[in-house]
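Colleague: Sharing a structure, written as structure tokens. Questions coming.
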Amino acid sequence: MKDWEFAKFVVLVNGAVPLALLAWDQSQGHLGANPVNFAIHTTGMMALIFLVLSLAVTPVRLFTGWNWLSHFRRMLGVYAFVYAAIHLSLYFGFDRSLNLQSLIDDVIKRPFILFGMIALLVMVPLTITSTNGMIKRLGSARWKQLHRLTYVAGVSAVIHYYMFGKITSAIQISFVAVLIVLLGYRVLIQIPGFDFLRKSRKPVVAR
Amino acid sequence: MAGHQRNDIPSSEITDESVYFNRRTFMRAGIVAATALATGLIYRKVNHISTGGAAPRNLADLLPTTAPATSPSANGDDNGFRTNERLTPFDSITHYNNFYEFSLDKESVAEVAENFKTRPWTVSVEGLVSNPMKFDLDDLLKLAPIEERVYRMRCVEAWSMVIPWAGYSLSKLLEKVQPLSSAKYVAFESVVDPKQMPNQRSRVLDWPYVEGLRMDEAMHPLAILATGLYGKQLPPQDGAPIRLVTPWKYGFKGAKSIVKIKLVEEQPPSTWNLENPREYGFYANVNPEVDHPRWSQATERRIGEGKRETLMFNGYADQVAHLYAGMDLRANY
């Protein structure tokens, strides 16, 4: 196992830790008074964190010149999908009582649910095409184009989270701020004169 | 490649390949374990469920022996004083709290509020009354016999509990101060104490927390001032030492840790209505037919149980519906 393969393995293990602890706490009855909402909230938060981390890989790589960071990009994205899928399943199973009609009604009626659903649906094709074989099959140019959808997922997910809750919390505002910085950076480095913000010029497609 | 290596290291000193790889494997296992442990600790720190919070004293220890701990007419189903539904466990009632002065995280309130001091405590009752009074907490506890009221509690966030409160009707207090006929509303004000309430140092909401009731709502026997629950002194996280409970309204109407009650002529401001008037009205009566703009109010999650239908006026329609006869409940949400 090469060092970068090992590093990926470390990320793989660590990404599963919150899920393992959540499952363990549930089995011990330690999810508090409202375990369903706690699990929905926790998995949603993890999905959001992984999605933002995957979106952060390229800007941080270009800014620092640490090209090895791109090794982790796909894995972070897949984890975002895994947590988001569990998040939706818990909501559908326990909040909507597995009633598809009530899920559809909720999506139509409530913009914040709609944005969450958009984020998740966008991540489906991205997750399916996340393997080495799919990159080869699509060709790197097309793969790259398709995976620009990550921006859509990121923006929708952050809006989904921002709209939730009785008041706007500092964490909600922080996610918006981080997203603006990450997307703003990509725009900024396209502008002549802002090239100094970019240490790496290497276009890494996928690995 | 062996050919590129210098030959000044005797072969006996070259680490055996298997030892080298074992050491490497061992180190890698250590890295995996250490990072996983660190991630786990961060998860625990950021996302923990508190089980702490001091156990409150028995209410009986604080009360004069003459006051009965429970209602003498325990069968009073018609008045809505005691529902027969399963009680929500004490642990859930005391570890799942919306009390933004302490924390925005319902699971953390108990811990942050643990050392909240409720003595000395004074409640000033003033405004349009012929007999304004300042009550010491002990006076308040003795003002009327403490009764047990088992009420449903429906939060605007679509969860609910069944809570055995201890307290007495708000009307008992209002009768003492003799409201003037010009008094049309009752305004409640919660304590401001940024030293003990960390969120009051920031402007999460506009402090102090204020709430209000129409005079006829305030005089309704279901509206109580609670000083305890489960036969114990009210824990800080539930609004100690004294709070309002109006079971047919969403939970946020029940101002906690009250320091001032003022009788007024005009409809008083209420905190959530000020924060977001489109989402939270003055009346805030539980109503399954009027959704919150961002979620449905048709169902609720009973803590410790499951989903159930939400009832009009939280199941207290027989007792309170007449207060709102002829009112458009969609406009007056």
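Ligands are numbered from 1 in the order shown, residues from 1 within each chain, and chains are lettered A, B, ... in the order they appear in the structure tokens.
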Return the neighbours of chain A among the residues of chain B, cut-off 6 Å, counting only C-alpha atoms, as JSON, numbers by chain.
Modeller: {"B": [32, 36, 92, 294, 303]}
Colleague: For the residues selected in the previous step, produce a file with N, CA and C atoms as an mmCIF file, in the first residue's frame.
Modeller:
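After the write, result_38.cif holds the following:
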```
data_model
loop_
_atom_site.group_PDB
_atom_site.id
_atom_site.type_symbol
_atom_site.label_atom_id
_atom_site.label_comp_id
_atom_site.auth_asym_id
_atom_site.auth_seq_id
_atom_site.Cartn_x
_atom_site.Cartn_y
_atom_site.Cartn_z
ATOM 1 N N VAL B 32 -4.102 4.926 12.206
ATOM 2 C CA VAL B 32 -5.544 4.734 12.003
ATOM 3 C C VAL B 32 -6.282 4.834 13.338
ATOM 4 N N ALA B 36 -8.838 7.872 14.365
ATOM 5 C CA ALA B 36 -10.236 7.484 14.606
ATOM 6 C C ALA B 36 -10.656 7.898 16.008
ATOM 7 N N SER B 92 -36.654 13.000 30.039
ATOM 8 C CA SER B 92 -36.881 13.682 28.757
ATOM 9 C C SER B 92 -37.346 15.118 28.985
ATOM 10 N N ARG B 294 -43.055 26.899 7.275
ATOM 11 C CA ARG B 294 -42.022 25.984 6.812
ATOM 12 C C ARG B 294 -42.244 24.524 7.190
ATOM 13 N N ILE B 303 -42.777 12.713 22.367
ATOM 14 C CA ILE B 303 -41.454 12.295 22.831
ATOM 15 C C ILE B 303 -41.559 10.967 23.584
#
```
Colleague: Mind checking DSSP for region 143-328 of chain B and telling me the strand (DSSP E or B) residues as an NGL selection string?
Modeller: :B and (147-154 or 159-169 or 179 or 185-190 or 210-214 or 224-229 or 232-233 or 243-245 or 249 or 258-264 or 285 or 292 or 295 or 299-302 or 307-309)
Colleague: Keeping only C-alpha atoms, write the selected residues to a file as a compact mmCIF listing (two decimals), in the first residue's frame.
Modeller:
```txt
# COMPACT_ATOMS: atom_id res chain seq x y z
CA GLU B 147 -52.14 21.41 42.45
CA GLU B 148 -50.86 18.79 40.08
CA ARG B 149 -51.91 19.47 36.49
CA VAL B 150 -51.15 16.83 33.90
CA TYR B 151 -51.05 18.72 30.62
CA ARG B 152 -50.12 17.97 27.06
CA MET B 153 -47.36 20.29 25.88
CA ARG B 154 -47.20 20.91 22.14
CA TRP B 159 -43.09 17.57 19.11
CA SER B 160 -45.08 17.06 22.28
CA MET B 161 -44.90 15.78 25.83
CA VAL B 162 -47.24 15.00 28.72
CA ILE B 163 -46.04 16.83 31.81
CA PRO B 164 -47.25 16.60 35.40
CA TRP B 165 -46.85 20.22 36.40
CA ALA B 166 -47.26 21.57 39.92
CA GLY B 167 -48.73 25.02 40.29
CA TYR B 168 -51.95 26.98 40.47
CA SER B 169 -54.17 28.97 38.16
CA PRO B 179 -57.06 44.16 37.93
CA TYR B 185 -54.00 42.04 28.47
CA VAL B 186 -51.39 40.48 30.74
CA ALA B 187 -47.72 40.91 29.80
CA PHE B 188 -45.03 38.56 31.11
CA GLU B 189 -41.34 39.27 31.31
CA SER B 190 -38.57 36.73 31.90
CA VAL B 210 -41.62 38.70 26.71
CA GLU B 211 -45.01 37.09 26.24
CA GLY B 212 -48.63 38.04 26.66
CA LEU B 213 -52.17 36.78 27.06
CA ARG B 214 -55.54 38.36 26.60
CA ILE B 224 -51.25 28.14 35.35
CA LEU B 225 -48.15 29.44 37.02
CA ALA B 226 -46.00 26.34 37.45
CA THR B 227 -43.44 26.02 40.21
CA GLY B 228 -42.71 22.33 39.88
CA LEU B 229 -43.04 19.12 37.88
CA LYS B 232 -40.29 18.32 42.42
CA GLN B 233 -39.17 21.89 42.43
CA ARG B 243 -43.23 29.95 34.68
CA LEU B 244 -46.41 30.23 32.69
CA VAL B 245 -48.11 27.15 31.21
CA LYS B 249 -51.06 27.14 23.01
CA ILE B 258 -40.78 35.18 35.21
CA VAL B 259 -39.82 38.39 37.06
CA LYS B 260 -42.57 40.74 35.97
CA ILE B 261 -46.28 40.49 35.23
CA LYS B 262 -47.90 43.66 34.00
CA LEU B 263 -51.55 44.30 33.25
CA VAL B 264 -51.97 46.54 30.25
CA ASN B 285 -53.06 28.49 19.63
CA HIS B 292 -46.17 26.92 10.12
CA TRP B 295 -43.55 22.85 8.26
CA THR B 299 -48.99 15.90 13.22
CA GLU B 300 -46.56 15.81 16.10
CA ARG B 301 -43.95 13.49 17.54
CA ARG B 302 -44.82 12.52 21.10
CA LYS B 307 -46.11 10.32 15.50
CA ARG B 308 -49.70 11.28 16.22
CA GLU B 309 -52.31 13.68 14.93
```
Colleague: Which neighbours of region 127-141 of chain B fall inside 8 Å, counting only C-alpha atoms, when residues of the same chain fewer than 5 positions from it are skipped, and could you give them as number ranges by chain?
Modeller: B: 63, 119-122, 146, 176-180, 182-183, 227, 241, 262-265
Colleague: Take the residues from that selection and put them in a file with N, CA and C atoms, as a compact mmCIF listing (two decimals), in the first residue's frame.
Modeller:
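Just written: result-v8.txt:
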```
# COMPACT_ATOMS: atom_id res chain seq x y z
N LEU B 63 -42.47 23.47 50.46
CA LEU B 63 -43.83 23.96 50.59
C LEU B 63 -44.32 23.87 52.02
N ARG B 119 -32.81 31.91 43.96
CA ARG B 119 -33.08 32.60 45.22
C ARG B 119 -31.97 33.59 45.48
N PRO B 120 -32.23 34.83 45.88
CA PRO B 120 -33.58 35.36 46.06
C PRO B 120 -34.27 35.61 44.71
N TRP B 121 -35.59 35.66 44.71
CA TRP B 121 -36.35 35.86 43.47
C TRP B 121 -37.60 36.68 43.78
N THR B 122 -37.81 37.70 43.00
CA THR B 122 -38.99 38.54 43.21
C THR B 122 -39.76 38.64 41.91
N ILE B 146 -50.88 24.33 45.93
CA ILE B 146 -50.25 23.79 44.73
C ILE B 146 -51.03 22.56 44.27
N LYS B 176 -55.42 38.57 43.50
CA LYS B 176 -54.77 39.25 44.64
C LYS B 176 -54.48 40.72 44.34
N VAL B 177 -54.15 41.01 43.07
CA VAL B 177 -53.75 42.38 42.76
C VAL B 177 -54.93 43.22 42.23
N GLN B 178 -56.05 42.59 42.04
CA GLN B 178 -57.29 43.26 41.60
C GLN B 178 -57.12 44.10 40.33
N PRO B 179 -57.20 43.44 39.20
CA PRO B 179 -57.06 44.16 37.93
C PRO B 179 -58.13 45.23 37.77
N LEU B 180 -57.76 46.36 37.17
CA LEU B 180 -58.74 47.40 36.86
C LEU B 180 -59.52 46.98 35.62
N SER B 182 -59.89 48.52 33.03
CA SER B 182 -59.18 48.93 31.80
C SER B 182 -58.12 47.91 31.38
N ALA B 183 -57.78 46.96 32.25
CA ALA B 183 -56.75 45.96 31.92
C ALA B 183 -57.32 44.96 30.93
N THR B 227 -44.63 25.90 39.37
CA THR B 227 -43.44 26.02 40.21
C THR B 227 -42.75 24.67 40.37
N PRO B 241 -37.69 29.85 38.69
CA PRO B 241 -38.49 29.16 39.71
C PRO B 241 -39.99 29.15 39.39
N LYS B 262 -47.34 42.32 34.07
CA LYS B 262 -47.90 43.66 34.00
C LYS B 262 -49.24 43.63 33.28
N LEU B 263 -50.24 44.24 33.90
CA LEU B 263 -51.55 44.30 33.25
C LEU B 263 -51.63 45.58 32.43
N VAL B 264 -52.04 45.42 31.18
CA VAL B 264 -51.97 46.54 30.25
C VAL B 264 -53.26 46.63 29.41
N GLU B 265 -53.37 47.74 28.70
CA GLU B 265 -54.58 47.95 27.91
C GLU B 265 -54.43 47.43 26.48
```
Colleague: For Leu146 (chain A), please output as a VMD selection string all residues within 12 Å (counting only C-alpha atoms; exclusion window: fewer than 3 positions along the same chain).
Modeller: chain A and resid 122 to 130 134 to 135 138 to 143 149 to 152 205
Colleague: Rank B:Leu41, B:Ala321, B:Ile49, B:Cys155 by their smallest atom-to-atom distance to Gln26 (chain A), using only C-alpha atoms, and report the top residue only.
Modeller: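 Closest residue, counting only C-alpha atoms: B:Ile49.
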Colleague: Which of these residues is nearest to Tyr96 (chain B), using only C-alpha atoms: B:Glu157, B:Asp8, B:Asp238, B:Glu279?
Modeller: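 Of B:Glu157, B:Asp8, B:Asp238, B:Glu279, the one nearest Tyr96 (chain B), counting only C-alpha atoms, is B:Asp238.
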Colleague: Using DSSP assignments from the backbone, pull out every residue in chain A that falls under helix (DSSP H, G or I) and give it to me as a PyMOL selection string.
Modeller: chain A and resi 3-27+35-64+67-95+100-109+111-128+132-138+140-146+149-162+170-188+195-197
Colleague: Given the choices B:Glu114, B:Glu266, B:Asp105, B:Glu85, which gets closest to Gln196 (chain B) if the distance is worked out from only C-alpha atoms?
Modeller: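 Of all the options, B:Glu114 lies closest to Gln196 (chain B).
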Colleague: Nearest residue to Ala153 (chain A) out of A:Gly77, A:Pro192, A:Gly133, A:Gly184, using only C-alpha atoms?
Modeller: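 Between A:Gly77, A:Pro192, A:Gly133, A:Gly184, the residue approaching Ala153 (chain A) most closely is A:Gly77.
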Colleague: Rank A:Ala39, A:Val57, A:Ile189, A:Leu120 by their smallest atom-to-atom distance to Val155 (chain A), using only C-alpha atoms, and report the top residue only.
Modeller: A:Leu120
Colleague: Go ahead and compute the interatomic distance for CA of Ile191 (chain A) and CA of Thr58 (chain A), in Å to one decimal.
Modeller: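 For CA of Ile191 (chain A) relative to CA of Thr58 (chain A), the distance reads 17.2 Å.
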Colleague: Would you mind telling me which residue in B:Ala38, B:Leu222, B:Ala110, B:Ile9 lies nearest to Arg82 (chain B) when using only C-alpha atoms?
Modeller: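 Ranked by minimum distance to Arg82 (chain B), first place goes to B:Leu222.
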Colleague: In Å, how far is it from CA of Pro277 (chain B) to CA of Tyr324 (chain B)?
Modeller: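 Straight-line distance from CA of Pro277 (chain B) to CA of Tyr324 (chain B) works out to 20.2 Å.
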Colleague: To one decimal place in Å, what is the distance between CA of Ser102 (chain A) and CA of His160 (chain A)?
Modeller: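 Between CA of Ser102 (chain A) and CA of His160 (chain A) the gap works out to 18.7 Å.
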